[in-house]
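Peer 1: I'm passing along start.txt; it holds compact mmCIF, C-alpha atoms.
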```
# COMPACT_ATOMS: atom_id res chain seq x y z
CA MET A 1 31.93 -8.52 4.61
CA LYS A 2 30.52 -8.30 1.10
CA TRP A 3 31.20 -11.96 0.33
CA ALA A 4 29.18 -12.89 3.44
CA MET A 5 26.19 -10.93 2.17
CA VAL A 6 26.46 -12.59 -1.25
CA LEU A 7 26.67 -15.97 0.48
CA GLY A 8 23.55 -15.09 2.53
CA ILE A 9 21.59 -14.17 -0.61
CA VAL A 10 22.60 -17.41 -2.35
CA VAL A 11 21.72 -19.49 0.74
CA ILE A 12 18.22 -17.88 0.90
CA ALA A 13 17.65 -18.52 -2.81
CA VAL A 14 18.75 -22.15 -2.42
CA LEU A 15 16.45 -22.63 0.58
CA ILE A 16 13.48 -21.21 -1.35
CA THR A 17 14.24 -23.48 -4.29
CA LEU A 18 14.59 -26.57 -2.08
CA TYR A 19 11.20 -25.78 -0.53
CA GLU A 20 9.24 -24.93 -3.68
CA TRP A 21 10.76 -27.10 -6.41
CA PRO A 22 9.49 -30.52 -5.19
CA LYS A 23 6.00 -29.05 -4.65
CA MET A 24 5.56 -28.33 -8.37
CA ASN A 25 4.23 -31.06 -10.68
CA LYS A 26 6.18 -32.47 -13.62
CA ASN A 27 3.72 -30.87 -16.03
CA GLN A 28 3.89 -27.40 -14.48
CA LYS A 29 6.63 -26.38 -16.93
CA LYS A 30 5.56 -22.75 -17.13
CA GLU A 31 5.52 -22.37 -13.34
CA ARG A 32 9.01 -23.85 -13.11
CA LYS A 33 10.28 -21.44 -15.75
CA ALA A 34 8.68 -18.44 -14.02
CA PHE A 35 10.07 -19.54 -10.66
CA ALA A 36 13.59 -20.03 -12.03
CA VAL A 37 13.65 -16.69 -13.87
CA LEU A 38 12.31 -14.73 -10.89
CA THR A 39 14.69 -16.35 -8.40
CA MET A 40 17.78 -16.02 -10.61
CA GLY A 41 16.84 -12.44 -11.50
CA SER A 42 16.45 -11.52 -7.82
CA VAL A 43 19.80 -13.09 -6.89
CA VAL A 44 21.63 -11.27 -9.70
CA LEU A 45 19.98 -7.96 -8.76
CA ALA A 46 20.73 -8.45 -5.06
CA VAL A 47 24.40 -9.26 -5.70
CA LEU A 48 24.72 -6.24 -8.00
CA LEU A 49 23.24 -4.05 -5.26
CA VAL A 50 25.71 -5.41 -2.71
CA TYR A 51 28.62 -4.22 -4.88
CA PHE A 52 27.00 -1.08 -6.37
CA PRO A 53 24.54 0.24 -3.75
CA ASP A 54 24.18 3.55 -5.61
CA MET A 55 22.94 2.00 -8.84
CA PRO A 56 20.10 4.16 -10.23
CA GLY A 57 16.87 2.42 -9.29
CA PRO A 58 13.11 2.49 -9.86
CA THR A 59 12.71 5.77 -7.98
CA GLN A 60 15.13 7.57 -10.32
CA LEU A 61 13.27 6.17 -13.33
CA VAL A 62 9.91 7.42 -12.05
CA ASP A 63 11.48 10.69 -10.93
CA SER A 64 12.72 11.45 -14.43
CA LEU A 65 9.32 10.58 -15.96
CA PHE A 66 7.24 12.69 -13.57
CA LYS A 67 9.65 15.54 -12.86
CA PRO A 68 7.51 18.38 -14.33
CA PHE A 69 4.56 17.39 -12.12
CA GLY A 70 6.68 16.87 -9.04
CA LYS A 71 7.81 20.52 -9.17
CA LEU A 72 4.21 21.62 -8.54
CA LEU A 73 4.30 20.25 -5.01
CA GLU A 74 7.81 21.38 -4.14
CA LYS A 75 7.69 23.57 -1.04
CA MET B 1 -9.48 -21.14 -11.08
CA MET B 2 -6.35 -19.79 -9.48
CA GLU B 3 -7.73 -18.51 -6.18
CA ARG B 4 -10.00 -21.03 -4.46
CA GLY B 5 -10.76 -18.97 -1.34
CA LYS B 6 -13.77 -16.70 -1.08
CA ILE B 7 -14.19 -13.66 1.14
CA SER B 8 -17.25 -11.75 2.32
CA GLY B 9 -17.96 -8.06 1.80
CA LEU B 10 -17.15 -7.29 5.42
CA GLN B 11 -13.82 -9.09 5.13
CA MET B 12 -13.01 -7.06 2.03
CA ALA B 13 -13.69 -3.83 3.92
CA ILE B 14 -11.59 -5.07 6.84
CA LEU B 15 -8.68 -5.86 4.52
CA LEU B 16 -8.86 -2.47 2.80
CA TYR B 17 -9.12 -0.30 5.92
CA PRO B 18 -5.60 -0.99 7.31
CA THR B 19 -4.22 -1.04 3.77
CA ILE B 20 -4.92 2.68 3.58
CA ILE B 21 -4.64 3.66 7.24
CA ALA B 22 -1.42 1.89 8.20
CA THR B 23 0.96 4.41 6.65
CA ALA B 24 -1.49 7.31 6.36
CA ILE B 25 -2.04 7.59 10.10
CA LEU B 26 1.64 8.43 10.70
CA LEU B 27 2.48 10.53 7.65
CA VAL B 28 -0.71 12.37 6.67
CA PRO B 29 -0.96 14.83 9.63
CA ALA B 30 2.46 16.30 8.81
CA ILE B 31 1.77 16.47 5.07
CA SER B 32 -1.68 18.10 5.29
CA GLY B 33 -0.41 20.32 8.09
CA LYS B 34 2.25 21.73 5.77
CA PHE B 35 -0.33 22.93 3.23
CA ALA B 36 -3.52 23.46 5.23
CA GLU B 37 -2.26 24.55 8.68
CA GLN B 38 -5.22 24.96 11.06
CA ASP B 39 -7.66 23.59 8.45
CA MET B 40 -5.83 20.29 8.15
CA TRP B 41 -8.65 18.35 9.77
CA LEU B 42 -10.84 19.20 6.75
CA SER B 43 -8.35 17.79 4.24
CA PRO B 44 -9.20 14.07 4.65
CA ILE B 45 -12.83 14.89 3.84
CA TRP B 46 -11.88 16.35 0.44
CA ALA B 47 -9.30 13.59 -0.09
CA SER B 48 -11.92 10.90 0.54
CA LEU B 49 -13.77 12.01 -2.61
CA ALA B 50 -10.93 10.38 -4.55
CA GLY B 51 -11.57 7.20 -2.55
CA PHE B 52 -15.29 7.12 -3.37
CA LEU B 53 -14.52 7.75 -7.04
CA THR B 54 -11.91 4.96 -7.15
CA VAL B 55 -14.22 2.39 -5.56
CA TYR B 56 -17.07 3.39 -7.89
CA ILE B 57 -14.91 3.10 -11.02
CA ALA B 58 -13.42 -0.22 -9.88
CA LEU B 59 -16.96 -1.59 -9.43
CA LEU B 60 -18.12 -0.33 -12.83
CA LEU B 61 -15.09 -1.95 -14.49
CA HIS B 62 -15.75 -5.13 -12.56
CA ASN B 63 -19.37 -5.19 -13.77
CA HIS B 64 -18.16 -5.31 -17.37
CA TYR B 65 -16.05 -8.43 -16.70
CA PRO B 66 -17.37 -9.99 -13.46
CA GLU B 67 -15.11 -13.07 -13.43
CA LEU B 68 -11.82 -11.45 -14.38
CA THR B 69 -9.22 -9.23 -12.71
CA ILE B 70 -7.59 -6.17 -14.26
CA MET B 71 -4.66 -8.22 -15.61
CA GLN B 72 -7.06 -10.31 -17.67
CA TYR B 73 -9.57 -7.72 -18.84
CA SER B 74 -7.04 -5.04 -19.76
CA GLY B 75 -6.04 -7.37 -22.61
CA LYS B 76 -9.67 -7.77 -23.66
CA ILE B 77 -10.31 -4.03 -23.55
CA ILE B 78 -7.33 -2.57 -25.37
CA GLY B 79 -5.91 -5.59 -27.18
CA PHE B 80 -3.37 -8.27 -26.28
CA ILE B 81 -0.02 -6.44 -26.55
CA PRO B 82 -1.14 -3.05 -25.09
CA GLY B 83 -2.89 -5.00 -22.31
CA LYS B 84 0.36 -6.78 -21.47
CA ILE B 85 2.27 -3.47 -21.42
CA VAL B 86 -0.31 -1.89 -19.11
CA GLY B 87 -0.18 -4.99 -16.90
CA LEU B 88 3.61 -4.86 -16.68
CA GLY B 89 3.50 -1.14 -15.80
CA LEU B 90 0.94 -1.85 -13.11
CA LEU B 91 3.03 -4.69 -11.65
CA PHE B 92 6.08 -2.43 -11.59
CA TYR B 93 4.05 0.28 -9.84
CA LEU B 94 2.74 -2.16 -7.22
CA LEU B 95 6.16 -3.66 -6.56
CA HIS B 96 7.75 -0.22 -6.31
CA THR B 97 5.04 1.09 -3.95
CA ASN B 98 5.23 -2.01 -1.82
CA GLY B 99 9.00 -1.58 -1.62
CA VAL B 100 8.43 2.00 -0.46
CA VAL B 101 5.95 0.87 2.21
CA LEU B 102 8.32 -1.79 3.48
CA ARG B 103 11.15 0.74 3.59
CA GLU B 104 8.98 3.26 5.51
CA TYR B 105 8.21 0.54 8.02
CA GLY B 106 11.88 -0.35 8.40
CA GLU B 107 12.96 3.28 8.75
CA PHE B 108 10.28 3.92 11.36
CA VAL B 109 11.20 0.92 13.50
CA VAL B 110 14.93 1.60 13.25
CA GLY B 111 14.49 5.32 13.87
CA ASN B 112 12.27 4.99 16.92
CA PHE B 113 12.84 1.66 18.60
CA LEU B 114 15.68 -0.52 17.37
CA PRO B 115 18.46 1.94 16.48
CA SER B 116 21.27 -0.60 16.22
CA THR B 117 19.46 -3.32 14.27
CA PRO B 118 20.28 -3.51 10.54
CA ILE B 119 17.20 -2.44 8.56
CA ILE B 120 17.37 -5.54 6.35
CA VAL B 121 16.58 -7.74 9.37
CA ILE B 122 13.39 -5.77 10.05
CA THR B 123 12.17 -5.52 6.46
CA GLY B 124 13.23 -9.10 5.74
CA SER B 125 11.31 -10.61 8.65
CA MET B 126 8.20 -8.57 7.79
CA ALA B 127 8.42 -9.69 4.16
CA PHE B 128 8.76 -13.31 5.30
CA VAL B 129 5.65 -13.15 7.53
CA CYS B 130 3.69 -11.48 4.72
CA ALA B 131 4.91 -14.14 2.27
CA LEU B 132 3.49 -16.85 4.53
CA SER B 133 0.10 -15.13 4.70
CA VAL B 134 0.00 -14.49 0.93
CA ARG B 135 0.92 -18.11 0.27
CA GLY B 136 -2.08 -19.06 2.40
CA GLY B 137 -4.37 -17.16 0.03
CA LEU B 138 -6.88 -14.35 0.19
CA GLU B 139 -9.12 -16.10 2.70
CA VAL B 140 -6.27 -16.59 5.17
CA MET B 141 -5.31 -12.94 4.85
CA ALA B 142 -8.92 -11.86 5.39
CA ARG B 143 -9.26 -13.98 8.51
CA SER B 144 -6.02 -12.76 10.04
CA ALA B 145 -7.12 -9.18 9.33
CA GLN B 146 -10.40 -9.96 11.06
CA ILE B 147 -8.50 -10.92 14.19
CA PHE B 148 -6.10 -8.00 14.07
CA ILE B 149 -8.48 -5.14 13.25
CA PRO B 150 -10.37 -5.08 16.58
CA VAL B 151 -6.97 -4.91 18.32
CA PHE B 152 -5.91 -2.13 15.97
CA MET B 153 -9.10 -0.12 16.64
CA THR B 154 -8.97 -0.62 20.41
CA LEU B 155 -5.35 0.54 20.63
CA PHE B 156 -6.18 3.58 18.49
CA LEU B 157 -9.08 4.47 20.82
CA VAL B 158 -6.83 4.07 23.87
CA ILE B 159 -4.38 6.62 22.45
CA ILE B 160 -7.24 9.00 21.62
CA LEU B 161 -8.74 8.76 25.12
CA LEU B 162 -5.41 9.24 26.87
CA LEU B 163 -4.67 12.33 24.78
CA PHE B 164 -7.96 14.01 25.65
CA PRO B 165 -6.74 15.98 28.70
CA GLU B 166 -3.81 17.44 26.74
CA LEU B 167 -5.86 19.05 23.97
CA ARG B 168 -6.12 22.81 23.44
CA PRO B 169 -9.34 23.44 21.47
CA ALA B 170 -8.26 27.03 20.72
CA ASN B 171 -5.75 25.68 18.15
CA ILE B 172 -8.54 25.01 15.69
CA PHE B 173 -9.31 28.73 15.22
CA PRO B 174 -9.58 30.56 12.89
CA VAL B 175 -11.56 27.98 10.89
CA MET B 176 -11.20 28.54 7.12
CA ASP B 177 -9.39 31.85 7.55
CA ASP B 178 -8.19 31.90 3.91
CA GLY B 179 -11.29 30.20 2.55
CA ILE B 180 -11.43 26.62 1.39
CA THR B 181 -8.25 26.57 -0.74
CA PRO B 182 -5.59 25.62 1.87
CA SER B 183 -7.57 22.60 3.05
CA ILE B 184 -7.95 21.40 -0.55
CA LYS B 185 -4.21 21.85 -1.15
CA GLY B 186 -3.59 19.77 1.96
CA ALA B 187 -5.79 17.06 0.45
CA ILE B 188 -3.78 16.55 -2.75
CA VAL B 189 -1.12 14.22 -1.34
CA PRO B 190 -3.46 12.35 1.08
CA SER B 191 -5.92 11.73 -1.78
CA GLN B 192 -3.34 9.30 -3.18
CA TRP B 193 -3.75 7.17 -0.10
CA PHE B 194 -7.44 7.04 -0.88
CA THR B 195 -6.83 5.97 -4.47
CA GLU B 196 -5.07 2.91 -3.03
CA PHE B 197 -8.65 1.63 -2.74
CA PHE B 198 -7.92 0.68 -6.34
CA LEU B 199 -6.63 -2.61 -4.86
CA ILE B 200 -10.30 -3.56 -4.49
CA ILE B 201 -10.01 -4.57 -8.16
CA PHE B 202 -7.93 -7.60 -7.16
CA MET B 203 -10.47 -8.76 -4.55
CA LEU B 204 -13.81 -8.23 -6.31
CA PRO B 205 -13.77 -11.47 -8.35
CA TYR B 206 -13.32 -13.51 -5.16
CA LEU B 207 -16.28 -12.18 -3.20
CA ARG B 208 -18.73 -14.77 -1.93
CA THR B 209 -21.88 -12.76 -2.62
CA LYS B 210 -22.48 -10.14 -5.25
CA GLU B 211 -24.79 -7.96 -3.14
CA LYS B 212 -23.65 -5.04 -1.03
CA ARG B 213 -20.22 -4.86 -2.67
CA MET B 214 -20.70 -1.15 -3.21
CA THR B 215 -21.89 -0.59 0.38
CA TRP B 216 -18.90 -2.35 1.93
CA GLY B 217 -16.42 -0.59 -0.32
CA MET B 218 -17.91 2.82 0.47
CA LEU B 219 -18.14 2.05 4.20
CA SER B 220 -14.45 1.27 4.21
CA VAL B 221 -13.71 4.66 2.61
CA VAL B 222 -15.89 6.38 5.23
CA ALA B 223 -14.09 4.55 8.06
CA VAL B 224 -10.71 5.63 6.70
CA MET B 225 -11.93 9.22 6.33
CA ILE B 226 -13.22 9.37 9.92
CA THR B 227 -9.99 7.88 11.30
CA LEU B 228 -7.88 10.39 9.39
CA VAL B 229 -10.07 13.34 10.43
CA ILE B 230 -9.66 12.28 14.07
CA THR B 231 -5.90 11.84 13.66
CA ASN B 232 -5.47 15.22 12.00
CA LEU B 233 -7.77 16.96 14.48
CA PHE B 234 -5.91 15.53 17.46
CA SER B 235 -2.47 16.38 16.07
CA LEU B 236 -3.72 19.91 15.42
CA LEU B 237 -5.31 20.40 18.86
CA LEU B 238 -2.17 19.07 20.50
CA PHE B 239 0.61 20.74 18.52
CA GLY B 240 -1.09 23.61 16.69
CA ASP B 241 0.82 24.90 13.67
CA ILE B 242 4.05 23.05 14.48
CA THR B 243 2.46 19.70 13.46
CA SER B 244 4.16 19.77 10.07
CA LYS B 245 7.62 19.98 11.72
CA PHE B 246 7.34 16.41 13.00
CA THR B 247 8.03 13.40 10.78
CA TYR B 248 5.53 11.26 12.70
CA PRO B 249 3.12 13.58 14.62
CA VAL B 250 1.07 10.72 16.09
CA MET B 251 4.23 9.17 17.49
CA SER B 252 5.25 12.44 19.12
CA ALA B 253 1.70 12.85 20.42
CA ALA B 254 1.85 9.47 22.13
CA ARG B 255 5.13 10.48 23.79
CA TYR B 256 3.17 13.29 25.43
CA ILE B 257 0.94 10.91 27.33
CA ASP B 258 1.75 10.81 31.02
CA VAL B 259 -1.00 9.83 33.44
CA ALA B 260 -0.03 10.53 37.09
CA ASP B 261 3.67 9.78 36.41
CA PHE B 262 2.57 6.18 36.16
CA LEU B 263 1.34 5.47 32.63
CA GLN B 264 4.19 6.46 30.33
CA HIS B 265 5.90 5.27 27.13
CA VAL B 266 2.58 4.71 25.45
CA GLU B 267 4.34 5.16 22.09
CA SER B 268 4.92 1.42 22.13
CA ILE B 269 1.16 1.15 21.47
CA VAL B 270 1.60 3.28 18.33
CA MET B 271 4.34 0.85 17.38
CA ALA B 272 1.94 -2.08 17.83
CA ILE B 273 -0.68 -0.36 15.65
CA TRP B 274 1.95 0.31 13.01
CA VAL B 275 3.27 -3.27 12.89
CA VAL B 276 -0.24 -4.77 12.64
CA GLY B 277 -1.29 -2.25 10.00
CA VAL B 278 1.83 -2.64 7.89
CA PHE B 279 1.55 -6.41 8.03
CA ILE B 280 -1.88 -6.20 6.39
CA LYS B 281 -0.92 -3.40 4.02
CA VAL B 282 2.18 -5.16 2.70
CA SER B 283 0.24 -8.45 2.44
CA VAL B 284 -2.53 -6.89 0.34
CA PHE B 285 -0.08 -5.21 -2.07
CA TYR B 286 2.04 -8.36 -2.14
CA TYR B 287 -1.02 -10.45 -2.94
CA ALA B 288 -1.93 -8.09 -5.79
CA ILE B 289 1.61 -8.39 -7.21
CA VAL B 290 1.70 -12.18 -6.93
CA ILE B 291 -1.74 -12.84 -8.38
CA GLY B 292 -1.16 -10.16 -11.01
CA THR B 293 2.16 -11.71 -12.09
CA ALA B 294 0.63 -15.18 -12.20
CA GLN B 295 -2.22 -13.94 -14.40
CA TRP B 296 0.13 -11.89 -16.54
CA LEU B 297 2.17 -15.03 -17.27
CA HIS B 298 -0.97 -17.26 -17.45
CA LEU B 299 0.29 -19.59 -14.71
CA SER B 300 -2.02 -22.23 -13.25
CA ASP B 301 -1.00 -21.53 -9.65
CA TYR B 302 0.38 -18.43 -7.94
CA ARG B 303 1.97 -20.09 -4.91
CA PRO B 304 5.34 -21.10 -6.42
CA ILE B 305 6.23 -17.47 -7.19
CA VAL B 306 5.37 -16.06 -3.74
CA PHE B 307 8.85 -16.45 -2.24
CA PRO B 308 10.85 -15.31 -5.31
CA ILE B 309 8.71 -12.16 -5.44
CA GLY B 310 9.32 -11.67 -1.72
CA LEU B 311 13.04 -11.66 -2.46
CA LEU B 312 12.44 -9.05 -5.16
CA LEU B 313 10.35 -7.05 -2.69
CA ILE B 314 13.18 -6.90 -0.14
CA ILE B 315 15.57 -5.83 -2.89
CA PHE B 316 13.20 -3.04 -3.93
CA SER B 317 12.82 -1.88 -0.32
CA THR B 318 16.56 -1.20 -0.13
CA TRP B 319 16.77 0.08 -3.68
CA VAL B 320 13.98 2.71 -3.65
CA ALA B 321 15.97 5.40 -1.86
CA ALA B 322 19.35 6.00 -0.28
CA SER B 323 17.94 7.66 2.82
CA LEU B 324 14.70 8.53 4.61
CA GLN B 325 15.02 12.17 3.49
CA GLU B 326 15.25 11.14 -0.16
CA LEU B 327 12.28 8.82 0.34
CA SER B 328 10.02 11.42 1.95
CA HIS B 329 10.95 13.97 -0.74
CA PHE B 330 9.94 11.46 -3.40
CA LEU B 331 6.72 10.66 -1.53
CA SER B 332 5.61 14.28 -1.19
CA THR B 333 6.50 15.49 -4.72
CA VAL B 334 6.52 12.87 -7.48
CA TRP B 335 4.64 9.97 -5.91
CA PRO B 336 1.16 11.63 -5.84
CA PHE B 337 1.17 11.95 -9.64
CA TYR B 338 2.73 8.53 -10.17
CA ALA B 339 0.06 6.94 -7.96
CA LEU B 340 -2.71 8.98 -9.60
CA VAL B 341 -1.76 7.70 -13.07
CA PHE B 342 -1.86 4.02 -12.09
CA GLN B 343 -4.62 4.03 -9.49
CA LEU B 344 -7.18 6.40 -10.96
CA VAL B 345 -6.33 7.56 -14.52
CA LEU B 346 -5.60 4.05 -15.80
CA PRO B 347 -8.89 2.50 -14.50
CA VAL B 348 -10.86 5.50 -15.83
CA LEU B 349 -9.33 5.14 -19.31
CA LEU B 350 -9.95 1.37 -19.30
CA LEU B 351 -13.54 1.98 -18.26
CA LEU B 352 -14.11 4.55 -21.03
CA VAL B 353 -12.72 2.21 -23.70
CA ALA B 354 -14.78 -0.70 -22.34
CA MET B 355 -17.93 1.41 -22.46
CA MET B 356 -17.22 2.55 -26.02
CA ARG B 357 -16.63 -1.05 -27.07
CA LYS B 358 -19.93 -2.08 -25.55
CA LYS B 359 -21.73 0.75 -27.37
CA ALA B 360 -20.11 -0.22 -30.64
CA ALA B 361 -21.10 -3.87 -30.16
CA GLU B 362 -24.70 -2.86 -29.47
CA ASN B 363 -24.81 -0.69 -32.57
CA ASP B 364 -23.59 -3.60 -34.70
CA ASN B 365 -26.51 -5.73 -33.60
```
Mind turning the file's structure into structure tokens?
Peer 2:
Amino acid sequence: MKWAMVLGIVVIAVLITLYEWPKMNKNQKKERKAFAVLTMGSVVLAVLLVYFPDMPGPTQLVDSLFKPFGKLLEK
Amino acid sequence: MMERGKISGLQMAILLYPTIIATAILLVPAISGKFAEQDMWLSPIWASLAGFLTVYIALLLHNHYPELTIMQYSGKIIGFIPGKIVGLGLLFYLLHTNGVVLREYGEFVVGNFLPSTPIIVITGSMAFVCALSVRGGLEVMARSAQIFIPVFMTLFLVIILLLFPELRPANIFPVMDDGITPSIKGAIVPSQWFTEFFLIIFMLPYLRTKEKRMTWGMLSVVAVMITLVITNLFSLLLFGDITSKFTYPVMSAARYIDVADFLQHVESIVMAIWVVGVFIKVSVFYYAIVIGTAQWLHLSDYRPIVFPIGLLLIIFSTWVAASLQELSHFLSTVWPFYALVFQLVLPVLLLLVAMMRKKAAENDN
């Protein structure tokens, strides 16, 4: 089933690109770069999460930064 | 100019109200109930002080740089590179929080109504609808909120009225048995919902008129406070000290409603309130992320990055926690401090530096 999820993610990314890419002007180079980086980054992250769902995420990062404070409200 | 739409003060208040209430209405009664017990209805009043403070500070900051948003003036206040770092941290915070909100929504719908639907379908479709409204711009969001809020309020009043016969006023006693401390403890976590008024910073530059900004902001805080006091009071009068044992007290309260064996299953109304509220809440956060990212990267238009960020948002909603238990533990321990740092401490520090800079500039002249 995992390959189907990966396929789904790629299809969504392609659909978004097909919709947005022609709407941007030739001289909007920066926008195109930002769009490409964000879309590619999301696809890579999504595929990684399909195969490694337990990858440490943003919550673990914040948890480790704020741990001493968090203990105050533990009950 | 990136955002061409303009909104009025009333529309700003209408956008902010569900942004705070949507998740607070379901989760706050249980959280304040845990700390404050029978004084839990007092907690939102203390918590709202954080809301007033946040709105006030956001307005003072805005007065220093009336045309800019926080992404632009943070660079002017503390220098280019530190400004970019602060901006990136803020974007990460907003994306993470929005992921949490989307996940809460998904967990609630799956847990109560659609038990066999995969959660990604629910969060994904909500993210898609929000993406469409964000792509439309701030004005479109404000107008859709204007249509939805009367519905939201009416449904809330219907629930309140139907619950009236079930209440046991004796549950409220003894009032302030252990003094004022428990109710203040119960206000610590809810106060972080009030600091979400910080999002006003992203709307202030796009207001049509400059007058009455303060009034509308404060009125919105008052409306949220009153709604939360009513919610907490009703959960308390209905369930007494077992309120904190429920995950969603308001939901369980609505299940109670049974008028003449005829009017039942009113919890679907709570569901409607929740969907409408979350739609606006996610849109407002989403808008802040998109416009913030566009300004952080100095793009000329924010619309091309709406959908890619939506994809990222769905990823974050599955990534934030493995289960609802893990999520609610995070929300009631670490999140209050995390939110406090970005929503109140950061604007206060920026304001102090901006004021010192202004003083220094005046002294030079």
Peer 1: I'd like the interatomic distance between atom CA of Thr215 of chain B and atom CA of Leu352 of chain B, to a tenth of an Å.
Peer 2: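 A separation of 23.4 Å between them.
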Peer 1: For chain B, report every residue with an atom at most 9 Å from chain A (counting only C-alpha atoms), formatted as JSON, numbers by chain.
Peer 2: {"B": [34, 92, 96, 189, 294, 297, 298, 299, 300, 301, 302, 303, 304, 305, 307, 308, 309, 311, 312, 315, 316, 318, 319, 320, 321, 322, 327, 329, 330, 332, 333, 334, 335, 336, 337, 338]}
Peer 1: So how many Å separate atom CA of Ile149 of chain B and atom CA of Val222 of chain B, to one decimal?
Peer 2: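 Computing the Euclidean distance for atom CA of Ile149 of chain B and atom CA of Val222 of chain B yields 15.9 Å.
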Peer 1: Counting only C-alpha atoms, which residues sit no farther than 12 Å from the position (-12.5, 9.5, -15.0) in the file's frame? I'd like them as JSON, numbers by chain.
Peer 2: {"B": [50, 53, 54, 55, 56, 57, 58, 60, 61, 340, 341, 343, 344, 345, 346, 347, 348, 349, 350, 351, 352, 353]}
Peer 1: Quick one, how far is atom CA of Trp296 of chain B from atom CA of Phe194 of chain B?
Peer 2: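 So the answer is 25.7 Å.
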Peer 1: For a quick check of understanding, using only C-alpha atoms, which of B:Gly292, B:Gly217, B:Val275, B:Val284 has the smallest distance to Val109 of chain B?
Peer 2: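 Residue with the minimum atom-to-atom distance to Val109 of chain B: B:Val275.
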Peer 1: Point out the residue among A:Leu48, A:Leu61, A:Lys26, A:Leu18 with the least atom-to-atom distance to Met5 of chain A, counting only C-alpha atoms.
Peer 2: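 Selected residue with least distance to Met5 of chain A: A:Leu48.
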Peer 1: Determine, counting all atoms listed in the file, which protein, DNA and RNA residues have an atom within 9 Å of an atom of Ala288 of chain B; residues of the same chain fewer than 6 positions away are not included. Present the result as a list in words.
Peer 2: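 The residues satisfying every condition are Leu91, Leu94, Leu199, Phe202 and Met203 of chain B.
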Peer 1: Can you work out which one of B:Phe35, B:Phe197, B:Phe173, B:Phe262 has the shortest atom-to-atom distance to Gly240 of chain B, counting all atoms listed in the file?
Peer 2: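 When distances to Gly240 of chain B are compared using all atoms listed in the file, the smallest one comes from B:Phe173.
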Peer 1: N, CA, C and O atoms are needed for segment 162-172 of chain B; please write them out as a PDB file, in the coordinates of the input.
Peer 2:
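Output (part_28.pdb):
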```pdb
ATOM      1  N   LEU B 162      -6.466   8.760  25.990  1.00  0.00           N
ATOM      2  CA  LEU B 162      -5.410   9.240  26.870  1.00  0.00           C
ATOM      3  C   LEU B 162      -4.943  10.635  26.501  1.00  0.00           C
ATOM      4  O   LEU B 162      -4.437  11.378  27.341  1.00  0.00           O
ATOM      5  N   LEU B 163      -5.126  11.003  25.223  1.00  0.00           N
ATOM      6  CA  LEU B 163      -4.670  12.330  24.780  1.00  0.00           C
ATOM      7  C   LEU B 163      -5.665  13.425  25.138  1.00  0.00           C
ATOM      8  O   LEU B 163      -5.329  14.602  25.114  1.00  0.00           O
ATOM      9  N   PHE B 164      -6.892  13.030  25.453  1.00  0.00           N
ATOM     10  CA  PHE B 164      -7.960  14.010  25.650  1.00  0.00           C
ATOM     11  C   PHE B 164      -7.599  15.162  26.581  1.00  0.00           C
ATOM     12  O   PHE B 164      -7.819  16.317  26.241  1.00  0.00           O
ATOM     13  N   PRO B 165      -7.013  14.877  27.771  1.00  0.00           N
ATOM     14  CA  PRO B 165      -6.740  15.980  28.700  1.00  0.00           C
ATOM     15  C   PRO B 165      -5.710  16.973  28.179  1.00  0.00           C
ATOM     16  O   PRO B 165      -5.651  18.101  28.668  1.00  0.00           O
ATOM     17  N   GLU B 166      -4.887  16.581  27.200  1.00  0.00           N
ATOM     18  CA  GLU B 166      -3.810  17.440  26.740  1.00  0.00           C
ATOM     19  C   GLU B 166      -4.245  18.428  25.661  1.00  0.00           C
ATOM     20  O   GLU B 166      -3.469  19.286  25.260  1.00  0.00           O
ATOM     21  N   LEU B 167      -5.464  18.270  25.143  1.00  0.00           N
ATOM     22  CA  LEU B 167      -5.860  19.050  23.970  1.00  0.00           C
ATOM     23  C   LEU B 167      -6.115  20.518  24.289  1.00  0.00           C
ATOM     24  O   LEU B 167      -6.573  20.858  25.382  1.00  0.00           O
ATOM     25  N   ARG B 168      -5.808  21.384  23.324  1.00  0.00           N
ATOM     26  CA  ARG B 168      -6.120  22.810  23.440  1.00  0.00           C
ATOM     27  C   ARG B 168      -7.045  23.185  22.292  1.00  0.00           C
ATOM     28  O   ARG B 168      -6.578  23.477  21.181  1.00  0.00           O
ATOM     29  N   PRO B 169      -8.366  23.216  22.551  1.00  0.00           N
ATOM     30  CA  PRO B 169      -9.340  23.440  21.470  1.00  0.00           C
ATOM     31  C   PRO B 169      -9.106  24.757  20.742  1.00  0.00           C
ATOM     32  O   PRO B 169      -9.497  24.886  19.581  1.00  0.00           O
ATOM     33  N   ALA B 170      -8.448  25.732  21.370  1.00  0.00           N
ATOM     34  CA  ALA B 170      -8.260  27.030  20.720  1.00  0.00           C
ATOM     35  C   ALA B 170      -7.419  26.911  19.444  1.00  0.00           C
ATOM     36  O   ALA B 170      -7.499  27.772  18.565  1.00  0.00           O
ATOM     37  N   ASN B 171      -6.615  25.841  19.326  1.00  0.00           N
ATOM     38  CA  ASN B 171      -5.750  25.680  18.150  1.00  0.00           C
ATOM     39  C   ASN B 171      -6.512  25.592  16.845  1.00  0.00           C
ATOM     40  O   ASN B 171      -5.938  25.805  15.783  1.00  0.00           O
ATOM     41  N   ILE B 172      -7.783  25.239  16.925  1.00  0.00           N
ATOM     42  CA  ILE B 172      -8.540  25.010  15.690  1.00  0.00           C
ATOM     43  C   ILE B 172      -8.915  26.338  15.012  1.00  0.00           C
ATOM     44  O   ILE B 172      -9.178  26.379  13.822  1.00  0.00           O
TER      45      ILE B 172
END
```
